[in-house]
Amino acid sequence: MKTLYFILLFSFSMLSAQEKEAVVYGSITSKGETVPFANVYVKGGTLGTTASADGKYELRIPPGTVTLVVQAQGFRSQTKEIHLAEGDSQKIDFVLIEDILGLEEVIISATRNRVERKTAPVVVSSIKPKLLSATQSLTLADGLNFAPGVRVETNCQNCGFTQVRLNGLDGAYTQVLLNSRPVFTSLLGVYGLEQIPVNIIERVEVVRSGGSALFGSNAIAGTINIITKDPVLNTWEFGSNLALIDGDALDRNVNFNISTVADDLNSGATLFGSYRNREAYDANDDGFTEIVELRNTTVGGKAFLKPNERSRVSVNLNAIREYRRGGDRLDLAPQFTDITEELDHDTFIGGADYELNSKDYSNKIQLYTSASFTDRDSYYGGLGGSRTRQDSILANNAFGTTKDLALVNGAQFTKTFKNKDVLTTGIEYIYTATEDQIPGYNRLIDQSVNNVGGYVQYEWKPTDKFILLAGTRLDNVGVSGDYTIGGISRGVDVNQTVFSPRLTLSYQFTENFRFRGGYARGFRAPQAFNEDLHISSVGGEPQFVILSDDLDTEFSDAFTGSFNYSKNIDLLQMDFLLEGFYTTLENPFTLVSTGAVLENGSILEEVRNGSAARVFGVNFEVGVSPTTEWQFQLGGTLQRTEYKEPQVLFESDGTPGESDVAVDEFVRNPNVYGYLNASWIPSEAFNVDLTGTYTGTMIVPRVISETGFLELNDVQSFFDLNIKLESHFHLNENLMVTVSGGVKNIFNSYQDDFEIGPTRDSDYIYGPNAPRTVFLGLKFGKIH
């Protein structure tokens, strides 16, 4: 009898509890369109749900007064306070406003965890597909200029080598990540910025200075994290672009994206591909390229599976095949030309991640592995304007091969405490191996790097306004390298353990006004970096780079401080950023032309430790969106670079008329540069984008003799302005067609003093990467 009594009492209690629950339901839309998969939750609690693909949601909550929050990527969050009685059922609809300036987007590069950009303790700039489309960017290299402190430059007329500079430091100081993994090797850093098509990019997160030191010791200038597209909706899209460079050279591109997601949202996959065919361009009709011939095919995919609600497995694969060639007489075999740089890349990049959350989502474990491999055939040489038997022998021996491997394995544990403090710790093993050889020149780079790193970070939040981020990374780096050119051989055998601390703080003075400051220590162990793997052409001969004997490790100390004001007033959005940076370099790696000419005629450059240096300045960004129809952004950098003592760029060997050439500041580095972006979207059917970049005056060295003797030129400033018009046609609910067209570099702001002929200095190139270019685009598909 007692047992029956307790069963009845328990059943009545359960029934009463169910009767006490209230239900809130509704739809989530924006501009009359549904917003799929938005997060709906009770503020300050643990109850929440995810809206369906058609924007519907339902949530059971205890009765009383609660604040309901709705968040969706790309939209401003919205809150509503509601009162629910026992057993009540209320329909609460939400109409979201687009987050034009991206103030509330979620980023991961600030702390290695997902956080809101506006509350992150580190300043993170985000470049999204909308901006990449507005700038008519075909590859990552085209769109990176549109963030403060970032500048992409082309460094060679013969091969199109590009590098990205952050806060005035060259490409080797920047850690480039693909889906948060450091598989972008030094070799990929030479041409990789042009090998990543924009149709695979979800967003690019840029962290300047040492704020992202936990991603790696080489993140001295900062980190560029390329996040590829995840499958989110059932969509498909095909597109094509046609451009005419200066009325002369065609640039053709086709691409596709296809995504599918299961109805229960527990699995999904996306496939993407891109093909580009660009003709070579000769700016001064001397028969030699300024823009190289390029053919690139990229295919890949990304997929995820959720075995249960608390775990997720994801994989990503990318295959890149690229051929590029510059120089003269591209229709001939390279050994019969005066100068040719020809490269055939076959690259594979892939990775897998596993994520597991605890029941209350306070603990998370991530396991990951990633790899990249590049197999490259190359040719650097030619007859150099002559036709002697010796020249022909050398030209026939200028073929080379490169094999480049990177492996990344790691584990990360994240714990979120009840007071919202976050502990992040992890371990990472990175292995790279590069073998680059040209037997005809007796040139070899045989290098392997083993890096075992561990990191720990604590995010302390004593109040809602103050955040202190303290962390460190401990790396054991082993470098083994043999470097040979001609009859000169060098070696590196280094094993060292380095401690790299990081400290960042954030204080919110008001709801809209925030200060951030930070310090980070970084280092670069002696090894061959991006530019060391690039071969230039000077005086009709190749110019090689070799490491000096007894090269010491380079260290850096980076300090940052910023003020950020962000505010939403109805439809109006405003965002103002002022960021100061100061970075010191100890034993900086510098490139010195030795004045030595090898027996085969090649010019030799040497990597040495220079005198101490510093880079300091201010980044700024202003963003205003008065309505969803208008958006304005303006950003830029004012900076200075200084060597403690004059730095030798050319070391004379006593040749008459030549002497040492030295500088007291970095070359190829403007003190002022920036960008602008303005958009007008009067309707869903039409939009206009006006974008541009400004590059101030700078010092650019030019080789003027066969020994590598330099002259230093103060070159002009450039303003590169672009316009794009786009129109959209909804043929039905499952098919939209977009037609676009415009002009890049409207004012034809382009270098006008290129060197000519087979003996030119191919590195003497600066300014915008292309002259005036007219383009047309067409794409169609099912897009939400």
# chains A, B, ... in the order shown; residues from 1 in each chain; ligands from 1

$ residues_around --residues "Ser370 (chain A)" --least-positions-apart "3" --cutoff "9 Å" --atoms "only C-alpha atoms" --output "list in words"
Arg181, Pro182, Val183, Ile349, Gly350, Gly351, Ala352, Asp353, Ala406, Leu407, Val408 and Asn409 of chain A

$ residues_around --residues "Asp375 (chain A)" --least-positions-apart "4" --cutoff "6 Å" --atoms "only C-alpha atoms" --output "list in words"
Asp346, Thr402 and Lys403 of chain A

$ residues_around --residues "Pro334 (chain A)" --least-positions-apart "2" --cutoff "10 Å" --atoms "only C-alpha atoms" --output "compact mmCIF listing (two decimals) with N, CA and C atoms, in the first residue's frame"
# COMPACT_ATOMS: atom_id res chain seq x y z
N ARG A 325 54.24 31.12 -64.72
CA ARG A 325 55.47 31.34 -65.47
C ARG A 325 55.56 32.81 -65.86
N GLY A 326 56.78 33.34 -65.72
CA GLY A 326 57.06 34.71 -66.12
C GLY A 326 58.42 34.80 -66.78
N GLY A 327 58.70 35.97 -67.33
CA GLY A 327 59.94 36.17 -68.06
C GLY A 327 59.62 36.58 -69.49
N ASP A 328 60.33 36.03 -70.45
CA ASP A 328 60.07 36.38 -71.85
C ASP A 328 59.80 35.12 -72.67
N ARG A 329 59.22 35.30 -73.85
CA ARG A 329 58.96 34.24 -74.82
C ARG A 329 58.36 33.00 -74.16
N LEU A 330 57.16 33.19 -73.60
CA LEU A 330 56.52 32.13 -72.83
C LEU A 330 56.11 30.94 -73.69
N ASP A 331 56.16 31.09 -75.00
CA ASP A 331 55.79 29.99 -75.88
C ASP A 331 56.93 29.00 -76.09
N LEU A 332 58.15 29.35 -75.63
CA LEU A 332 59.30 28.46 -75.79
C LEU A 332 59.55 27.67 -74.52
N PHE A 336 65.36 27.98 -73.49
CA PHE A 336 65.67 28.70 -74.73
C PHE A 336 65.31 30.18 -74.64
N THR A 337 64.92 30.65 -73.47
CA THR A 337 64.54 32.05 -73.28
C THR A 337 65.68 32.81 -72.64
N ASP A 338 65.54 34.15 -72.58
CA ASP A 338 66.53 34.95 -71.88
C ASP A 338 66.37 34.81 -70.37
N ILE A 339 65.12 34.94 -69.89
CA ILE A 339 64.83 34.77 -68.47
C ILE A 339 63.49 34.06 -68.33
N THR A 340 63.45 33.03 -67.52
CA THR A 340 62.19 32.36 -67.19
C THR A 340 62.20 31.93 -65.73
N GLU A 341 61.09 32.18 -65.06
CA GLU A 341 60.82 31.55 -63.77
C GLU A 341 59.52 30.79 -63.96
N GLU A 342 59.60 29.48 -63.84
CA GLU A 342 58.47 28.59 -64.09
C GLU A 342 58.30 27.67 -62.88
N TYR A 379 61.91 26.15 -62.49
CA TYR A 379 62.99 26.55 -63.39
C TYR A 379 63.29 28.01 -63.11
N TYR A 380 64.53 28.31 -62.78
CA TYR A 380 64.99 29.67 -62.54
C TYR A 380 66.25 29.89 -63.39
N GLY A 381 66.10 30.55 -64.52
CA GLY A 381 67.30 30.76 -65.31
C GLY A 381 66.98 31.23 -66.71
N GLY A 382 67.87 30.90 -67.64
CA GLY A 382 67.74 31.32 -69.03
C GLY A 382 69.10 31.72 -69.58
N LEU A 383 69.09 32.24 -70.79
CA LEU A 383 70.34 32.59 -71.47
C LEU A 383 70.86 33.96 -71.06
N ALA A 395 71.82 27.35 -68.73
CA ALA A 395 70.37 27.43 -68.89
C ALA A 395 69.73 26.05 -68.82
N ASN A 396 70.40 25.05 -69.40
CA ASN A 396 69.85 23.70 -69.38
C ASN A 396 69.89 23.07 -68.00
N ALA A 398 69.14 24.69 -65.12
CA ALA A 398 68.44 25.55 -64.15
C ALA A 398 67.14 24.95 -63.65
N PHE A 399 66.91 23.64 -63.91
CA PHE A 399 65.70 22.99 -63.42
C PHE A 399 65.90 22.54 -61.98

$ closest_residue --among "A:Leu405, A:Ala219, A:Ala319, A:Leu265" --to "Asn450 (chain A)" --atoms "only C-alpha atoms"
A:Leu405

$ closest_atom_pairs --of "region 122-191 of chain A" --to "region 758-767 of chain A" --cutoff "6 Å" --atoms "only C-alpha atoms" --output "JSON lines"
{"residue": "A:Asn155", "atom": "CA", "partner": "A:Asp763", "partner_atom": "CA", "distance": 5.4}
{"residue": "A:Cys156", "atom": "CA", "partner": "A:Asp763", "partner_atom": "CA", "distance": 4.6}
{"residue": "A:Gln157", "atom": "CA", "partner": "A:Ser762", "partner_atom": "CA", "distance": 5.2}

$ select_by_dssp --residues "region 118-208 of chain A" --states "strand (DSSP E or B)" --output "PDB file with C-alpha atoms, in the first residue's frame"
ATOM      1  CA  SER A 125      39.806  42.379 -37.441  1.00  0.00           C
ATOM      2  CA  SER A 126      37.562  40.216 -39.580  1.00  0.00           C
ATOM      3  CA  ILE A 127      37.468  40.104 -43.384  1.00  0.00           C
ATOM      4  CA  THR A 139      42.249  35.032 -54.077  1.00  0.00           C
ATOM      5  CA  VAL A 150      47.866  44.809 -43.255  1.00  0.00           C
ATOM      6  CA  ARG A 151      49.553  45.294 -46.621  1.00  0.00           C
ATOM      7  CA  VAL A 152      50.095  42.738 -49.391  1.00  0.00           C
ATOM      8  CA  GLU A 153      52.893  43.414 -51.846  1.00  0.00           C
ATOM      9  CA  THR A 154      54.214  41.761 -55.001  1.00  0.00           C
ATOM     10  CA  THR A 162      53.588  37.962 -52.846  1.00  0.00           C
ATOM     11  CA  GLN A 163      53.925  38.467 -49.123  1.00  0.00           C
ATOM     12  CA  VAL A 164      51.789  40.033 -46.423  1.00  0.00           C
ATOM     13  CA  ARG A 165      53.216  42.624 -44.034  1.00  0.00           C
ATOM     14  CA  LEU A 166      51.653  43.182 -40.618  1.00  0.00           C
ATOM     15  CA  LEU A 169      57.162  43.595 -40.556  1.00  0.00           C
ATOM     16  CA  THR A 174      53.402  36.600 -39.590  1.00  0.00           C
ATOM     17  CA  GLN A 175      51.851  33.277 -38.597  1.00  0.00           C
ATOM     18  CA  VAL A 176      49.407  32.232 -41.338  1.00  0.00           C
ATOM     19  CA  LEU A 177      46.904  29.618 -40.170  1.00  0.00           C
ATOM     20  CA  LEU A 178      44.418  27.533 -42.110  1.00  0.00           C
ATOM     21  CA  ARG A 181      46.366  25.201 -37.781  1.00  0.00           C
ATOM     22  CA  PRO A 197      40.486  31.166 -53.717  1.00  0.00           C
ATOM     23  CA  ILE A 201      36.693  31.379 -47.312  1.00  0.00           C
ATOM     24  CA  GLU A 202      34.135  31.922 -44.539  1.00  0.00           C
ATOM     25  CA  ARG A 203      36.175  34.717 -42.996  1.00  0.00           C
ATOM     26  CA  VAL A 204      39.751  35.815 -42.321  1.00  0.00           C
ATOM     27  CA  GLU A 205      40.639  36.822 -38.765  1.00  0.00           C
ATOM     28  CA  VAL A 206      43.596  39.164 -38.307  1.00  0.00           C
ATOM     29  CA  VAL A 207      45.298  39.649 -34.945  1.00  0.00           C
ATOM     30  CA  ARG A 208      48.048  42.239 -35.049  1.00  0.00           C
TER      31      ARG A 208
END

$ residues_around --residues "Ser625 (chain A)" --least-positions-apart "3" --cutoff "10 Å" --atoms "only C-alpha atoms" --output "PyMOL selection string"
chain A and resi 99-101+568+571-575+628-633+678-679

$ write_last_selection --atoms "C-alpha atoms" --output "PDB file, in the first residue's frame"
ATOM      1  CA  ASP A  99      25.118  43.245 -38.098  1.00  0.00           C
ATOM      2  CA  ILE A 100      26.629  45.282 -40.940  1.00  0.00           C
ATOM      3  CA  LEU A 101      29.917  46.083 -39.151  1.00  0.00           C
ATOM      4  CA  ASN A 568      24.080  50.659 -31.909  1.00  0.00           C
ATOM      5  CA  LEU A 571      19.553  51.076 -37.290  1.00  0.00           C
ATOM      6  CA  LEU A 572      22.729  53.115 -36.788  1.00  0.00           C
ATOM      7  CA  GLN A 573      25.984  51.271 -36.087  1.00  0.00           C
ATOM      8  CA  MET A 574      29.270  52.950 -35.211  1.00  0.00           C
ATOM      9  CA  ASP A 575      32.691  51.467 -34.544  1.00  0.00           C
ATOM     10  CA  THR A 628      21.179  48.796 -43.592  1.00  0.00           C
ATOM     11  CA  GLU A 629      21.414  50.548 -46.990  1.00  0.00           C
ATOM     12  CA  TRP A 630      24.721  52.295 -46.305  1.00  0.00           C
ATOM     13  CA  GLN A 631      28.089  51.242 -44.941  1.00  0.00           C
ATOM     14  CA  PHE A 632      31.344  53.228 -44.683  1.00  0.00           C
ATOM     15  CA  GLN A 633      34.706  51.990 -43.435  1.00  0.00           C
ATOM     16  CA  ALA A 678      31.722  52.165 -49.007  1.00  0.00           C
ATOM     17  CA  SER A 679      28.565  50.220 -49.896  1.00  0.00           C
TER      18      SER A 679
END

$ residues_around --residues "Gly74 (chain A)" --least-positions-apart "3" --cutoff "10 Å" --atoms "only C-alpha atoms" --output "tab-separated table (two decimals) with C-alpha atoms, in the first residue's frame"
chain	number	residue	atom	x	y	z
A	71	GLN	CA	21.65	35.37	-31.44
A	77	SER	CA	21.49	39.97	-30.90
A	96	LEU	CA	16.63	40.72	-36.41
A	97	ILE	CA	18.74	43.53	-37.85
A	98	GLU	CA	21.80	42.70	-39.90
A	99	ASP	CA	25.12	43.25	-38.10
A	100	ILE	CA	26.63	45.28	-40.94
A	101	LEU	CA	29.92	46.08	-39.15
A	102	GLY	CA	30.29	42.61	-37.63
A	103	LEU	CA	30.42	43.92	-34.05
A	104	GLU	CA	28.72	40.84	-32.60
A	105	GLU	CA	30.27	38.10	-34.72
A	106	VAL	CA	32.00	35.16	-33.06

$ residues_around --residues "Ala22 (chain A)" --least-positions-apart "6" --cutoff "7 Å" --atoms "only C-alpha atoms" --output "list of chain:residue names"
A:Arg60, A:Ile61, A:Pro62, A:Pro63, A:Leu84, A:Ala85, A:Glu86, A:Gly87, A:Asp88, A:Ser89

$ write_last_selection --atoms "N, CA and C atoms" --output "JSON list (two decimals), in the first residue's frame"
[["chain", "number", "residue", "atom", "x", "y", "z"],
["A", 60, "ARG", "N", 10.53, 25.49, -23.64],
["A", 60, "ARG", "CA", 9.77, 25.31, -22.40],
["A", 60, "ARG", "C", 10.60, 25.85, -21.24],
["A", 61, "ILE", "N", 9.99, 26.74, -20.46],
["A", 61, "ILE", "CA", 10.71, 27.38, -19.36],
["A", 61, "ILE", "C", 9.78, 27.49, -18.15],
["A", 62, "PRO", "N", 10.33, 27.60, -16.94],
["A", 62, "PRO", "CA", 9.50, 27.79, -15.75],
["A", 62, "PRO", "C", 8.76, 29.12, -15.81],
["A", 63, "PRO", "N", 7.62, 29.25, -15.21],
["A", 63, "PRO", "CA", 6.86, 30.51, -15.23],
["A", 63, "PRO", "C", 7.61, 31.61, -14.48],
["A", 84, "LEU", "N", 5.58, 34.99, -17.97],
["A", 84, "LEU", "CA", 4.83, 33.78, -18.28],
["A", 84, "LEU", "C", 4.20, 33.22, -17.02],
["A", 85, "ALA", "N", 2.90, 32.95, -17.10],
["A", 85, "ALA", "CA", 2.19, 32.31, -15.98],
["A", 85, "ALA", "C", 2.27, 30.80, -16.14],
["A", 86, "GLU", "N", 1.84, 30.09, -15.09],
["A", 86, "GLU", "CA", 1.86, 28.62, -15.14],
["A", 86, "GLU", "C", 1.02, 28.12, -16.31],
["A", 87, "GLY", "N", 1.61, 27.21, -17.10],
["A", 87, "GLY", "CA", 0.89, 26.64, -18.22],
["A", 87, "GLY", "C", 0.66, 27.59, -19.36],
["A", 88, "ASP", "N", 1.23, 28.76, -19.27],
["A", 88, "ASP", "CA", 1.03, 29.78, -20.30],
["A", 88, "ASP", "C", 1.74, 29.37, -21.60],
["A", 89, "SER", "N", 1.22, 29.86, -22.73],
["A", 89, "SER", "CA", 1.85, 29.63, -24.02],
["A", 89, "SER", "C", 1.79, 30.95, -24.79]]

$ select_by_dssp --residues "region 335-405 of chain A" --states "helix (DSSP H, G or I)" --output "list in words"
Gln335, Phe336, Arg389, Gln390, Asp391, Ser392, Ile393, Leu394, Ala395 and Asn396 of chain A

$ atom_distance --atom1 "CA of Asp251 (chain A)" --atom2 "CA of Arg376 (chain A)"
23.5 Å

$ closest_atom_pairs --of "region 569-629 of chain A" --to "region 511-531 of chain A" --cutoff "12 Å" --atoms "only C-alpha atoms" --output "Markdown table"
| residue | atom | partner | partner_atom | distance |
| --- | --- | --- | --- | --- |
| A:Ile569 | CA | A:Asn512 | CA | 11.3 |
| A:Gln573 | CA | A:Asn512 | CA | 11.4 |
| A:Met574 | CA | A:Asn512 | CA | 9.9 |
| A:Asp575 | CA | A:Asn512 | CA | 9.3 |
| A:Phe576 | CA | A:Phe513 | CA | 9.5 |
| A:Leu577 | CA | A:Arg514 | CA | 9.7 |
| A:Leu578 | CA | A:Phe515 | CA | 9.8 |
| A:Glu579 | CA | A:Arg516 | CA | 8.8 |
| A:Gly580 | CA | A:Gly517 | CA | 9.2 |
| A:Phe581 | CA | A:Gly518 | CA | 9.6 |
| A:Tyr582 | CA | A:Tyr519 | CA | 9.7 |
| A:Thr583 | CA | A:Ala520 | CA | 9.5 |
| A:Thr584 | CA | A:Arg521 | CA | 9.9 |
| A:Leu585 | CA | A:Phe523 | CA | 9.1 |
| A:Glu586 | CA | A:Phe523 | CA | 9.2 |
| A:Asn587 | CA | A:Arg524 | CA | 9.9 |
| A:Pro588 | CA | A:Arg524 | CA | 9.0 |
| A:Phe589 | CA | A:Pro526 | CA | 8.6 |
| A:Thr590 | CA | A:Glu531 | CA | 10.9 |
| A:Leu591 | CA | A:Glu531 | CA | 9.3 |
| A:Glu605 | CA | A:Glu531 | CA | 10.9 |
| A:Glu606 | CA | A:Ala528 | CA | 11.0 |
| A:Val607 | CA | A:Ala528 | CA | 8.9 |
| A:Arg608 | CA | A:Pro526 | CA | 9.8 |
| A:Asn609 | CA | A:Pro526 | CA | 9.8 |

$ residues_around --residues "Glu194 (chain A)" --least-positions-apart "6" --cutoff "9 Å" --atoms "only C-alpha atoms" --output "ChimeraX atom specification"
/A:138-142,161-162

$ closest_atom_pairs --of "region 222-310 of chain A" --to "region 737-747 of chain A" --cutoff "12 Å" --atoms "only C-alpha atoms" --output "CSV"
residue,atom,partner,partner_atom,distance
A:Trp236,CA,A:Val737,CA,11.9
A:Glu237,CA,A:Val737,CA,9.6
A:Phe238,CA,A:Val737,CA,9.7
A:Gly239,CA,A:Thr738,CA,8.9
A:Ser240,CA,A:Val739,CA,9.9
A:Asn241,CA,A:Ser740,CA,8.9
A:Leu242,CA,A:Gly741,CA,9.3
A:Ala243,CA,A:Val743,CA,9.1
A:Leu244,CA,A:Val743,CA,9.6
A:Ile245,CA,A:Lys744,CA,9.2
A:Asp246,CA,A:Asn745,CA,10.0
A:Gly247,CA,A:Val743,CA,11.6

$ decode --residues "region 651-721 of chain A" --atoms "C-alpha atoms" --output "PDB file, in the first residue's frame"
ATOM      1  CA  GLU A 651      78.567  44.946 -48.815  1.00  0.00           C
ATOM      2  CA  SER A 652      81.185  46.054 -51.335  1.00  0.00           C
ATOM      3  CA  ASP A 653      84.039  43.747 -52.300  1.00  0.00           C
ATOM      4  CA  GLY A 654      86.172  46.676 -53.445  1.00  0.00           C
ATOM      5  CA  THR A 655      84.874  46.942 -57.004  1.00  0.00           C
ATOM      6  CA  PRO A 656      85.694  50.455 -58.308  1.00  0.00           C
ATOM      7  CA  GLY A 657      82.772  52.845 -58.018  1.00  0.00           C
ATOM      8  CA  GLU A 658      80.978  50.706 -55.439  1.00  0.00           C
ATOM      9  CA  SER A 659      80.766  51.124 -51.676  1.00  0.00           C
ATOM     10  CA  ASP A 660      78.659  49.792 -48.818  1.00  0.00           C
ATOM     11  CA  VAL A 661      74.977  50.735 -48.934  1.00  0.00           C
ATOM     12  CA  ALA A 662      73.246  51.088 -45.572  1.00  0.00           C
ATOM     13  CA  VAL A 663      69.838  52.241 -44.298  1.00  0.00           C
ATOM     14  CA  ASP A 664      68.524  53.339 -40.919  1.00  0.00           C
ATOM     15  CA  GLU A 665      64.917  52.223 -41.609  1.00  0.00           C
ATOM     16  CA  PHE A 666      63.199  49.249 -43.216  1.00  0.00           C
ATOM     17  CA  VAL A 667      62.943  49.293 -47.011  1.00  0.00           C
ATOM     18  CA  ARG A 668      59.715  48.633 -48.950  1.00  0.00           C
ATOM     19  CA  ASN A 669      57.829  49.982 -45.972  1.00  0.00           C
ATOM     20  CA  PRO A 670      55.583  53.062 -46.323  1.00  0.00           C
ATOM     21  CA  ASN A 671      55.009  55.167 -43.233  1.00  0.00           C
ATOM     22  CA  VAL A 672      51.366  55.680 -44.261  1.00  0.00           C
ATOM     23  CA  TYR A 673      48.952  53.204 -45.859  1.00  0.00           C
ATOM     24  CA  GLY A 674      45.269  52.412 -45.603  1.00  0.00           C
ATOM     25  CA  TYR A 675      41.970  51.502 -47.245  1.00  0.00           C
ATOM     26  CA  LEU A 676      38.357  52.552 -47.686  1.00  0.00           C
ATOM     27  CA  ASN A 677      35.134  50.654 -48.273  1.00  0.00           C
ATOM     28  CA  ALA A 678      31.722  52.165 -49.007  1.00  0.00           C
ATOM     29  CA  SER A 679      28.565  50.220 -49.896  1.00  0.00           C
ATOM     30  CA  TRP A 680      25.127  51.319 -51.039  1.00  0.00           C
ATOM     31  CA  ILE A 681      22.411  48.667 -50.952  1.00  0.00           C
ATOM     32  CA  PRO A 682      19.138  50.383 -51.938  1.00  0.00           C
ATOM     33  CA  SER A 683      17.342  47.045 -52.310  1.00  0.00           C
ATOM     34  CA  GLU A 684      17.886  43.310 -52.318  1.00  0.00           C
ATOM     35  CA  ALA A 685      18.127  43.514 -56.105  1.00  0.00           C
ATOM     36  CA  PHE A 686      21.015  45.960 -56.437  1.00  0.00           C
ATOM     37  CA  ASN A 687      24.140  47.217 -54.666  1.00  0.00           C
ATOM     38  CA  VAL A 688      27.175  49.393 -55.407  1.00  0.00           C
ATOM     39  CA  ASP A 689      30.594  49.019 -53.753  1.00  0.00           C
ATOM     40  CA  LEU A 690      33.399  51.570 -53.820  1.00  0.00           C
ATOM     41  CA  THR A 691      36.708  50.329 -52.392  1.00  0.00           C
ATOM     42  CA  GLY A 692      40.290  51.456 -52.496  1.00  0.00           C
ATOM     43  CA  THR A 693      43.750  51.318 -50.974  1.00  0.00           C
ATOM     44  CA  TYR A 694      46.398  53.961 -50.415  1.00  0.00           C
ATOM     45  CA  THR A 695      50.138  53.221 -50.314  1.00  0.00           C
ATOM     46  CA  GLY A 696      52.411  56.050 -49.208  1.00  0.00           C
ATOM     47  CA  THR A 697      55.946  56.818 -50.332  1.00  0.00           C
ATOM     48  CA  MET A 698      58.695  54.378 -49.381  1.00  0.00           C
ATOM     49  CA  ILE A 699      62.291  53.406 -50.077  1.00  0.00           C
ATOM     50  CA  VAL A 700      62.715  50.587 -52.619  1.00  0.00           C
ATOM     51  CA  PRO A 701      66.204  49.242 -53.458  1.00  0.00           C
ATOM     52  CA  ARG A 702      67.159  48.539 -57.066  1.00  0.00           C
ATOM     53  CA  VAL A 703      70.152  46.496 -58.211  1.00  0.00           C
ATOM     54  CA  ILE A 704      72.184  48.414 -60.823  1.00  0.00           C
ATOM     55  CA  SER A 705      75.223  46.204 -61.377  1.00  0.00           C
ATOM     56  CA  GLU A 706      76.111  42.567 -61.941  1.00  0.00           C
ATOM     57  CA  THR A 707      77.613  42.389 -58.439  1.00  0.00           C
ATOM     58  CA  GLY A 708      74.314  43.299 -56.800  1.00  0.00           C
ATOM     59  CA  PHE A 709      75.251  46.946 -56.102  1.00  0.00           C
ATOM     60  CA  LEU A 710      72.143  48.877 -54.990  1.00  0.00           C
ATOM     61  CA  GLU A 711      70.644  52.290 -55.321  1.00  0.00           C
ATOM     62  CA  LEU A 712      67.881  53.413 -52.954  1.00  0.00           C
ATOM     63  CA  ASN A 713      64.857  55.051 -54.572  1.00  0.00           C
ATOM     64  CA  ASP A 714      62.109  57.093 -52.920  1.00  0.00           C
ATOM     65  CA  VAL A 715      59.099  55.917 -54.901  1.00  0.00           C
ATOM     66  CA  GLN A 716      55.766  57.620 -55.356  1.00  0.00           C
ATOM     67  CA  SER A 717      52.527  57.043 -53.484  1.00  0.00           C
ATOM     68  CA  PHE A 718      49.541  55.201 -55.004  1.00  0.00           C
ATOM     69  CA  PHE A 719      45.765  55.389 -54.672  1.00  0.00           C
ATOM     70  CA  ASP A 720      44.033  52.327 -56.092  1.00  0.00           C
ATOM     71  CA  LEU A 721      40.240  52.916 -56.377  1.00  0.00           C
TER      72      LEU A 721
END
